[in-house]
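Pasting data.txt here (compact mmCIF, C-alpha atoms and all ligand atoms):
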# COMPACT_ATOMS: atom_id res chain seq x y z
CA MET A 564 -16.27 15.95 -35.19
CA SER A 565 -13.07 14.39 -33.78
CA ALA A 566 -13.31 11.29 -31.58
CA ALA A 567 -12.86 11.70 -27.81
CA PRO A 568 -9.26 10.98 -26.75
CA ILE A 569 -8.69 7.62 -25.09
CA PRO A 570 -8.34 7.83 -21.30
CA ARG A 571 -4.70 7.71 -20.20
CA ALA A 572 -3.14 7.17 -16.78
CA PHE A 573 0.40 6.50 -15.53
CA VAL A 574 2.61 5.36 -12.72
CA VAL A 575 5.45 7.77 -11.98
CA GLY A 576 8.55 6.87 -9.98
CA HIS A 577 12.34 6.77 -10.14
CA PRO A 578 13.33 4.05 -10.90
CA ILE A 579 10.08 2.60 -12.25
CA ALA A 580 11.00 -0.55 -14.20
CA HIS A 581 10.07 -2.82 -11.25
CA SER A 582 6.50 -1.48 -10.90
CA ARG A 583 3.71 -4.04 -11.36
CA SER A 584 1.06 -1.32 -11.66
CA PRO A 585 1.07 -1.34 -15.51
CA LEU A 586 0.35 -5.09 -15.42
CA ILE A 587 -2.54 -4.64 -12.98
CA HIS A 588 -4.21 -1.76 -14.84
CA GLY A 589 -3.41 -3.30 -18.23
CA TYR A 590 -5.15 -6.49 -17.12
CA TRP A 591 -8.30 -4.59 -16.14
CA LEU A 592 -8.29 -2.45 -19.31
CA SER A 593 -8.10 -5.59 -21.40
CA GLN A 594 -10.67 -7.53 -19.31
CA HIS A 595 -13.21 -4.73 -19.67
CA GLY A 596 -12.36 -3.86 -23.28
CA ILE A 597 -11.61 -0.25 -22.35
CA PRO A 598 -9.58 1.54 -25.04
CA GLY A 599 -7.32 3.26 -22.52
CA SER A 600 -3.63 3.28 -21.68
CA TYR A 601 -1.62 3.06 -18.48
CA GLU A 602 2.00 4.14 -18.89
CA ARG A 603 5.20 3.80 -16.88
CA LEU A 604 6.97 7.16 -16.42
CA ASP A 605 10.48 7.56 -15.02
CA VAL A 606 10.76 11.09 -13.63
CA ALA A 607 13.77 12.15 -11.52
CA PRO A 608 13.03 14.02 -8.27
CA ALA A 609 14.31 17.35 -9.61
CA ALA A 610 11.89 17.14 -12.55
CA PHE A 611 8.86 16.05 -10.52
CA PRO A 612 7.46 19.54 -9.71
CA ASP A 613 7.47 20.49 -13.42
CA PHE A 614 5.91 17.15 -14.30
CA LEU A 615 3.06 17.84 -11.89
CA ARG A 616 2.58 21.42 -13.06
CA ALA A 617 2.24 20.22 -16.65
CA LEU A 618 -0.16 17.42 -15.76
CA PRO A 619 -3.50 19.21 -16.36
CA GLU A 620 -2.49 19.90 -19.99
CA SER A 621 -0.89 16.49 -20.57
CA GLY A 622 -3.98 14.50 -21.53
CA PHE A 623 -3.56 12.18 -18.55
CA ARG A 624 -6.54 11.72 -16.23
CA GLY A 625 -4.15 10.98 -13.40
CA GLY A 626 -1.91 8.25 -12.17
CA ASN A 627 -0.10 6.45 -9.40
CA VAL A 628 2.88 7.85 -7.57
CA THR A 629 5.58 5.64 -6.14
CA ILE A 630 9.01 5.93 -4.53
CA PRO A 631 10.53 8.53 -4.21
CA HIS A 632 7.69 10.95 -5.09
CA LYS A 633 4.92 10.19 -2.57
CA GLU A 634 5.82 13.03 -0.21
CA ALA A 635 6.45 15.52 -3.04
CA ALA A 636 3.05 14.66 -4.54
CA PHE A 637 1.53 15.30 -1.12
CA ALA A 638 3.19 18.72 -0.95
CA LEU A 639 2.32 19.74 -4.53
CA ALA A 640 -1.24 18.43 -5.09
CA ASP A 641 -3.92 21.17 -5.27
CA THR A 642 -6.31 19.29 -2.99
CA LEU A 643 -5.95 16.28 -0.72
CA THR A 644 -8.39 13.69 0.55
CA PRO A 645 -8.64 13.65 4.35
CA ARG A 646 -6.88 10.28 4.40
CA ALA A 647 -3.93 11.50 2.32
CA ARG A 648 -3.69 14.55 4.57
CA LYS A 649 -3.51 12.33 7.63
CA ILE A 650 -0.97 9.90 6.15
CA GLY A 651 1.22 12.68 4.71
CA ALA A 652 1.81 10.90 1.42
CA VAL A 653 0.00 10.56 -1.92
CA ASN A 654 -0.01 7.44 -4.11
CA THR A 655 -2.92 8.34 -6.43
CA LEU A 656 -3.46 11.53 -8.44
CA VAL A 657 -6.64 12.54 -10.23
CA VAL A 658 -6.89 15.48 -12.61
CA GLU A 659 -10.29 17.04 -11.88
CA SER A 660 -12.50 18.51 -14.61
CA ASP A 661 -11.41 22.03 -13.55
CA GLY A 662 -7.73 21.07 -13.98
CA ARG A 663 -6.97 20.83 -10.28
CA ILE A 664 -4.93 17.85 -9.11
CA ARG A 665 -6.40 15.81 -6.25
CA GLY A 666 -4.05 13.67 -4.15
CA ASP A 667 -5.29 10.51 -2.44
CA ASN A 668 -3.70 7.65 -0.55
CA THR A 669 -5.22 4.26 -1.33
CA ASP A 670 -2.66 2.11 0.52
CA ALA A 671 -4.70 2.20 3.74
CA PRO A 672 -8.02 1.03 2.24
CA GLY A 673 -6.08 -1.38 0.01
CA PHE A 674 -4.49 -3.08 2.99
CA CYS A 675 -7.77 -3.26 4.91
CA ALA A 676 -9.77 -4.48 1.89
CA HIS A 677 -7.29 -7.33 1.56
CA LEU A 678 -7.75 -8.21 5.24
CA ASP A 679 -11.54 -8.18 4.72
CA HIS A 680 -11.06 -10.51 1.78
CA SER A 681 -8.54 -12.85 3.45
CA LEU A 682 -9.81 -12.95 7.03
CA GLY A 683 -13.50 -12.11 6.48
CA ALA A 684 -15.44 -9.13 7.82
CA GLY A 685 -15.16 -8.78 11.58
CA TRP A 686 -11.37 -9.29 11.68
CA PRO A 687 -10.86 -6.21 13.90
CA GLU A 688 -13.12 -7.75 16.57
CA ARG A 689 -11.60 -11.20 16.17
CA ALA A 690 -8.18 -9.59 16.68
CA GLY A 691 -9.46 -8.48 20.06
CA GLY A 692 -9.00 -4.92 18.88
CA THR A 693 -5.21 -5.13 19.21
CA ALA A 694 -2.63 -4.99 16.42
CA LEU A 695 1.14 -5.03 16.57
CA VAL A 696 2.82 -3.18 13.68
CA LEU A 697 6.50 -3.72 12.90
CA GLY A 698 8.09 -0.77 11.13
CA ALA A 699 7.36 2.94 10.96
CA GLY A 700 8.12 3.93 7.35
CA GLY A 701 5.77 5.24 4.68
CA ALA A 702 3.72 2.06 4.35
CA ALA A 703 3.36 1.80 8.13
CA ARG A 704 1.81 5.29 8.21
CA ALA A 705 -0.92 4.18 5.82
CA ILE A 706 -1.48 0.94 7.71
CA VAL A 707 -1.76 2.55 11.13
CA VAL A 708 -4.31 5.03 9.74
CA GLY A 709 -6.20 2.17 8.07
CA LEU A 710 -6.25 0.04 11.23
CA ALA A 711 -7.47 2.98 13.32
CA GLU A 712 -10.21 3.70 10.73
CA ASN A 713 -11.29 0.07 11.00
CA GLY A 714 -11.88 0.31 14.72
CA LEU A 715 -8.74 -1.23 16.21
CA SER A 716 -8.62 0.08 19.74
CA ARG A 717 -4.93 -0.59 20.41
CA ILE A 718 -2.07 -0.38 17.89
CA LEU A 719 1.45 -1.06 19.15
CA ILE A 720 4.34 -0.01 16.92
CA ALA A 721 7.88 -1.38 17.12
CA ASN A 722 10.59 -0.01 14.87
CA ARG A 723 14.38 -0.24 14.64
CA THR A 724 14.49 3.55 15.05
CA ARG A 725 12.20 4.07 18.00
CA ALA A 726 11.77 7.82 17.44
CA ARG A 727 10.00 7.09 14.13
CA ALA A 728 7.61 4.73 15.92
CA GLU A 729 6.80 7.50 18.37
CA THR A 730 6.13 9.99 15.58
CA LEU A 731 3.89 7.46 13.87
CA ALA A 732 1.98 6.67 17.07
CA ALA A 733 1.03 10.36 17.27
CA LEU A 734 -1.10 9.84 14.12
CA ALA A 735 -3.63 7.84 16.17
CA PRO A 736 -3.58 9.43 19.61
CA GLY A 737 -5.10 7.35 22.40
CA ILE A 738 -4.96 4.26 20.18
CA ALA A 739 -1.38 3.86 19.01
CA ALA A 740 1.75 3.62 21.14
CA ALA A 741 5.43 2.96 20.42
CA LEU A 742 7.30 0.14 22.09
CA ALA A 743 10.90 -1.03 22.22
CA TRP A 744 11.90 -3.90 19.91
CA ASP A 745 13.07 -5.78 23.06
CA ASP A 746 9.50 -5.72 24.39
CA LEU A 747 8.15 -7.65 21.40
CA PRO A 748 7.61 -11.02 23.18
CA GLU A 749 5.25 -9.44 25.69
CA ALA A 750 3.45 -7.42 23.00
CA LEU A 751 3.05 -10.50 20.78
CA ALA A 752 1.25 -12.31 23.59
CA GLY A 753 -1.51 -9.69 23.53
CA ALA A 754 -1.76 -9.16 19.77
CA GLY A 755 -4.59 -10.46 17.61
CA LEU A 756 -2.98 -9.18 14.43
CA LEU A 757 0.72 -8.86 13.62
CA VAL A 758 1.71 -6.78 10.58
CA ASN A 759 5.20 -6.57 9.11
CA THR A 760 5.68 -3.27 7.29
CA THR A 761 9.48 -3.28 7.44
CA ALA A 762 11.56 -4.08 4.37
CA LEU A 763 12.90 -7.16 6.20
CA GLY A 764 12.09 -10.40 4.39
CA MET A 765 12.08 -8.69 1.00
CA LYS A 766 14.30 -10.16 -1.75
CA GLY A 767 17.82 -8.86 -1.10
CA GLN A 768 17.09 -7.92 2.53
CA PRO A 769 17.78 -9.93 5.69
CA PRO A 770 14.85 -12.01 6.97
CA LEU A 771 12.66 -10.72 9.76
CA ALA A 772 13.97 -12.76 12.70
CA ILE A 773 11.14 -12.90 15.18
CA ASP A 774 9.83 -15.75 17.33
CA LEU A 775 6.07 -16.07 16.86
CA THR A 776 5.63 -18.48 19.79
CA PRO A 777 4.01 -15.91 22.13
CA LEU A 778 1.22 -15.00 19.63
CA PRO A 779 -2.22 -16.32 20.65
CA ALA A 780 -3.48 -19.29 18.58
CA SER A 781 -6.27 -17.07 17.20
CA ALA A 782 -3.90 -14.39 15.88
CA ALA A 783 -3.41 -13.52 12.21
CA VAL A 784 -0.09 -12.51 10.65
CA ALA A 785 0.11 -10.13 7.67
CA ASP A 786 3.24 -9.25 5.72
CA ILE A 787 3.14 -6.39 3.22
CA VAL A 788 6.33 -7.58 1.55
CA TYR A 789 5.24 -9.38 -1.66
CA ALA A 790 8.55 -10.32 -3.26
CA PRO A 791 8.84 -13.10 -2.30
CA LEU A 792 5.15 -13.81 -1.89
CA GLU A 793 5.74 -16.37 0.85
CA THR A 794 8.11 -14.65 3.28
CA ASP A 795 9.83 -16.50 6.12
CA LEU A 796 7.44 -14.70 8.47
CA LEU A 797 4.36 -16.05 6.71
CA ALA A 798 5.85 -19.53 6.50
CA ALA A 799 6.52 -19.45 10.26
CA ALA A 800 2.94 -18.29 10.89
CA ARG A 801 1.52 -21.15 8.81
CA ARG A 802 3.72 -23.66 10.62
CA ARG A 803 2.11 -22.47 13.84
CA GLY A 804 -1.34 -22.86 12.28
CA LEU A 805 -2.01 -19.09 12.26
CA ALA A 806 -3.88 -17.25 9.51
CA ALA A 807 -1.27 -15.76 7.15
CA VAL A 808 -1.98 -12.85 4.79
CA ASP A 809 0.50 -11.99 2.02
CA GLY A 810 1.42 -8.55 0.68
CA LEU A 811 0.19 -8.94 -2.88
CA GLY A 812 -3.46 -8.34 -2.03
CA MET A 813 -2.66 -4.87 -0.70
CA LEU A 814 -0.95 -4.00 -3.98
CA LEU A 815 -3.95 -5.22 -5.99
CA HIS A 816 -6.63 -3.61 -3.83
CA GLN A 817 -4.87 -0.22 -3.60
CA ALA A 818 -5.15 0.02 -7.40
CA VAL A 819 -8.97 -0.18 -7.46
CA PRO A 820 -9.92 3.46 -6.61
CA GLY A 821 -7.46 4.92 -9.13
CA PHE A 822 -8.71 2.74 -11.98
CA GLU A 823 -12.28 3.72 -11.17
CA ALA A 824 -11.43 7.45 -11.14
CA TRP A 825 -9.49 7.38 -14.45
CA PHE A 826 -11.41 4.80 -16.45
CA GLY A 827 -14.93 5.07 -15.00
CA LEU A 828 -15.46 1.48 -13.89
CA ARG A 829 -14.81 -0.11 -10.49
CA PRO A 830 -12.69 -3.20 -11.20
CA ALA A 831 -12.57 -6.37 -9.09
CA VAL A 832 -9.56 -8.08 -7.60
CA THR A 833 -10.05 -11.56 -9.03
CA PRO A 834 -8.08 -14.81 -8.87
CA GLY A 835 -7.24 -14.28 -12.56
CA LEU A 836 -5.58 -10.92 -11.83
CA ARG A 837 -3.73 -12.36 -8.88
CA ASP A 838 -2.48 -15.32 -10.94
CA ARG A 839 -1.22 -12.91 -13.61
CA ILE A 840 0.88 -10.96 -11.11
CA VAL A 841 2.06 -14.07 -9.24
CA ALA A 842 3.32 -15.45 -12.56
CA ASP A 843 5.18 -12.21 -13.20
CA LEU A 844 6.72 -12.22 -9.71
CA ALA A 845 7.84 -15.82 -10.22
CA GLY A 846 9.42 -14.92 -13.55
P1 LIG A 901 10.34 2.88 4.15
O1 LIG A 901 9.52 4.10 4.29
O2 LIG A 901 11.74 2.99 3.61
O3 LIG A 901 10.41 2.14 5.59
C1 LIG A 901 11.22 1.01 5.78
C2 LIG A 901 10.93 0.39 7.16
O4 LIG A 901 11.71 -0.82 7.28
C3 LIG A 901 11.34 1.29 8.33
O5 LIG A 901 10.51 1.01 9.43
C4 LIG A 901 12.78 0.79 8.61
O6 LIG A 901 13.22 1.04 9.93
C5 LIG A 901 12.59 -0.70 8.40
N1 LIG A 901 13.87 -1.36 8.08
C6 LIG A 901 14.54 -1.28 6.91
N2 LIG A 901 15.68 -2.02 6.99
C7 LIG A 901 15.70 -2.55 8.25
C8 LIG A 901 16.62 -3.40 8.95
N3 LIG A 901 17.74 -3.87 8.36
N4 LIG A 901 16.32 -3.76 10.23
C9 LIG A 901 15.18 -3.32 10.82
N5 LIG A 901 14.29 -2.50 10.21
C10 LIG A 901 14.54 -2.14 8.94
O7 LIG A 901 9.64 1.81 3.19
P2 LIG A 901 8.06 1.57 2.96
O8 LIG A 901 7.64 2.34 1.77
O9 LIG A 901 7.36 1.77 4.25
O10 LIG A 901 8.05 0.03 2.52
C11 LIG A 901 8.37 -1.00 3.45
C12 LIG A 901 8.12 -2.37 2.80
O11 LIG A 901 6.75 -2.50 2.46
C13 LIG A 901 8.90 -2.61 1.51
O12 LIG A 901 9.31 -3.96 1.51
C14 LIG A 901 7.88 -2.38 0.41
O13 LIG A 901 8.14 -3.15 -0.75
C15 LIG A 901 6.61 -2.90 1.09
N6 LIG A 901 5.39 -2.25 0.57
C16 LIG A 901 4.40 -3.07 0.12
C17 LIG A 901 3.22 -2.51 -0.37
C18 LIG A 901 2.12 -3.39 -0.87
O14 LIG A 901 1.24 -2.91 -1.59
N7 LIG A 901 2.12 -4.66 -0.49
C19 LIG A 901 3.06 -1.11 -0.37
C20 LIG A 901 4.09 -0.30 0.12
C21 LIG A 901 5.27 -0.90 0.59
P3 LIG A 901 13.95 2.44 10.30
O15 LIG A 901 12.86 3.46 10.50
O16 LIG A 901 14.69 2.13 11.56
O17 LIG A 901 14.86 2.77 9.15

Is it possible to express this structure as structure tokens?
Amino acid sequence: MSAAPIPRAFVVGHPIAHSRSPLIHGYWLSQHGIPGSYERLDVAPAAFPDFLRALPESGFRGGNVTIPHKEAAFALADTLTPRARKIGAVNTLVVESDGRIRGDNTDAPGFCAHLDHSLGAGWPERAGGTALVLGAGGAARAIVVGLAENGLSRILIANRTRARAETLAALAPGIAAALAWDDLPEALAGAGLLVNTTALGMKGQPPLAIDLTPLPASAAVADIVYAPLETDLLAAARRRGLAAVDGLGMLLHQAVPGFEAWFGLRPAVTPGLRDRIVADLAG
């Protein structure tokens, strides 16, 4: 009788060299002594549909999907979780026992799990039910859905391109609304949670120039940019004595459901894992 094949998973993107996902999953595989593999796959957009079609026969149990394939994975998966359907993008694929490919989006629960961890349960109430989200790209879609799922009653969205903020606000009708970037000072004064989902502040990008003075003293500030870990926005929040939540936790927590589906064990986001990735980011 031949031995069962080792479980294999992947992260697929183009380019893919920058992805920290192999480090995260590799850490958990090694911690738990699981004889599995997690591989980095560079697949160009034109080849992605064929890659997905061949997946059930490939021996992979599934994998993560990153830029630029999240929308294509959404369009091509056989089934979608309700959350992925709502967000319109897929970052986690699971090959089911019948060969069908299920698409999920774990960015939303990943972001919210990190807030639970950093701010403690009850953060939506402490935020007074109101969040201000900067940006309206792919990550913002997941975050707005996550915030609405967690009971935020008011989500204001400001984006350089206002039309995208309006489209995003339609994902949470009655809760989310778009506002003009010029109206930020007034919106900050009523926000219990500020979230930066723009690329501003990321290595190689301009900083996010925003005056945090109007934020209430009880407000928390989250940045999903994690390179650098301490963005100018977070440093400004700490100088004001506000709770500051970095972007790395979202990256770590979004990986949990995929690992569990492929390798059969729910892993924990521990200080040891975080230290491993922080060291890599610093290098
Ligand atoms: P995206 O879909 O390309 O969206 C980019 C967003 O940034 C848009 O709202 C865009 O505004 C805005 N933006 C870009 N350049 C700008 C500028 N010069 N001035 C003002 N606004 C600008 O990207 P994404 O996938 O949402 O990712 C956004 C950021 O989140 C990236 O830094 C990414 O690394 C980070 N991220 C982190 C995690 C995590 O796990 N922590 C997960 C996903 C993404 P327009 O609509 O006007 O173009």

Given only C-alpha atoms and all ligand atoms as the counted atoms, nearest of A:Ala818, A:Val575, A:Leu775, A:Val832 to ligand LIG 901 (chain A): A:Ala818

8 Å shell around ligand LIG 901 (chain A) using only C-alpha atoms and all ligand atoms, listed as JSON, numbers by chain: {"A": [630, 670, 673, 674, 697, 698, 699, 700, 701, 702, 703, 704, 722, 723, 724, 725, 727, 728, 759, 760, 761, 762, 763, 764, 765, 768, 769, 771, 786, 787, 788, 789, 790, 809, 810, 811, 812, 813, 814, 815, 817]}

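When atom CA of Ala694 of chain A is paired with atom CA of Thr644 of chain A, their separation reads 25.2 Å.
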
Exercise: Gly622 of chain A partners within 8 Å, only C-alpha atoms, chain neighbours under 4 positions left out, as an MDAnalysis selection string: chainID A and resid 570:571 618

A:Val628, A:Ala842, A:Ala690, A:Ala607 ranked by distance to Ile718 of chain A, top pick (using all atoms listed in the file): A:Ala690

Atom-to-atom span, atom CA of Ala676 of chain A and atom CA of Asp605 of chain A, Å: 29.0 Å

Å distance separating atom CA of Glu688 of chain A from atom CA of Glu712 of chain A, one decimal place: 13.2 Å

Test item: residues at most 6 Å from Leu805 of chain A, all atoms listed in the file, excluding those fewer than 3 positions along its chain, as number ranges by chain: A: 783, 800-801

Prev. selection, C-alpha atoms, output as a compact mmCIF listing (two decimals), keeping the file's coordinate frame:
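part-v8.txt written:
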# COMPACT_ATOMS: atom_id res chain seq x y z
CA ALA A 783 -3.41 -13.52 12.21
CA ALA A 800 2.94 -18.29 10.89
CA ARG A 801 1.52 -21.15 8.81

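The nearest approach to Asp774 of chain A among the residues A:Asp795, A:Val808, A:Leu844, A:Ala735, with only C-alpha atoms taken into account, belongs to A:Asp795.
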
Contacts of segment 741-748 of chain A within 6 Å, all atoms listed in the file, excl. fewer than 2 positions in-chain, as a list in words: Leu719, Ile720, Ala721, Ala728, Glu729, Ala750 and Leu751 of chain A

From A:Gly576, A:Val841, A:His581, A:Gly599, residue lying nearest Leu828 of chain A [only C-alpha atoms]: A:Gly599

Given 8 Å of margin on each side, can you work out the centre and size in Å (one decimal) of an axis-aligned box holding every listed atom of segment 637-644 of chain A, as lines of an AutoDock Vina configuration file?
center_x = -2.6
center_y = 17.4
center_z = -2.4
size_x = 27.6
size_y = 23.5
size_z = 21.8

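Protein, DNA and RNA residues at most 10 Å from (-4.6, -4.5, -15.4), with only C-alpha atoms, are these: Arg583, Ser584, Pro585, Leu586, Ile587, His588, Gly589, Tyr590, Trp591, Leu592, Ser593, Gln594, His595, Tyr601, Leu815, Ala818, Phe822, Pro830, Val832, Leu836, Arg839 and Ile840 of chain A.
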
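Distances from A:Phe614, A:Gly767, A:Gly753, A:Gly709 to His677 of chain A were compared using only C-alpha atoms, and the smallest one belongs to A:Gly709.
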
For segment 792-809 of chain A, supply N, CA and C atoms and format the output as a tab-separated table (two decimals), in the coordinates of the input.
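Just written: part-v6.tsv:
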chain	number	residue	atom	x	y	z
A	792	LEU	N	6.54	-13.78	-2.34
A	792	LEU	CA	5.15	-13.81	-1.89
A	792	LEU	C	5.05	-14.50	-0.53
A	793	GLU	N	5.75	-15.63	-0.41
A	793	GLU	CA	5.74	-16.37	0.85
A	793	GLU	C	7.02	-16.01	1.60
A	794	THR	N	6.93	-15.06	2.51
A	794	THR	CA	8.11	-14.65	3.28
A	794	THR	C	8.35	-15.67	4.39
A	795	ASP	N	9.54	-15.61	4.98
A	795	ASP	CA	9.83	-16.50	6.12
A	795	ASP	C	8.82	-16.27	7.24
A	796	LEU	N	8.41	-15.01	7.41
A	796	LEU	CA	7.44	-14.70	8.47
A	796	LEU	C	6.12	-15.43	8.23
A	797	LEU	N	5.63	-15.39	7.01
A	797	LEU	CA	4.36	-16.05	6.71
A	797	LEU	C	4.49	-17.57	6.83
A	798	ALA	N	5.64	-18.08	6.39
A	798	ALA	CA	5.85	-19.53	6.50
A	798	ALA	C	5.85	-19.94	7.97
A	799	ALA	N	6.47	-19.13	8.82
A	799	ALA	CA	6.52	-19.45	10.26
A	799	ALA	C	5.11	-19.39	10.85
A	800	ALA	N	4.31	-18.41	10.39
A	800	ALA	CA	2.94	-18.29	10.89
A	800	ALA	C	2.13	-19.53	10.49
A	801	ARG	N	2.27	-19.95	9.25
A	801	ARG	CA	1.52	-21.15	8.81
A	801	ARG	C	1.95	-22.38	9.58
A	802	ARG	N	3.26	-22.50	9.85
A	802	ARG	CA	3.72	-23.66	10.62
A	802	ARG	C	3.06	-23.70	12.00
A	803	ARG	N	2.77	-22.52	12.53
A	803	ARG	CA	2.11	-22.47	13.84
A	803	ARG	C	0.59	-22.60	13.71
A	804	GLY	N	0.10	-22.70	12.48
A	804	GLY	CA	-1.34	-22.86	12.28
A	804	GLY	C	-2.09	-21.53	12.34
A	805	LEU	N	-1.36	-20.41	12.20
A	805	LEU	CA	-2.01	-19.09	12.26
A	805	LEU	C	-2.45	-18.67	10.86
A	806	ALA	N	-3.47	-17.81	10.80
A	806	ALA	CA	-3.88	-17.25	9.51
A	806	ALA	C	-2.75	-16.37	9.00
A	807	ALA	N	-2.39	-16.52	7.72
A	807	ALA	CA	-1.27	-15.76	7.15
A	807	ALA	C	-1.76	-15.00	5.91
A	808	VAL	N	-1.46	-13.71	5.85
A	808	VAL	CA	-1.98	-12.85	4.79
A	808	VAL	C	-0.79	-12.22	4.05
A	809	ASP	N	-0.68	-12.50	2.75
A	809	ASP	CA	0.50	-11.99	2.02
A	809	ASP	C	0.31	-10.55	1.54
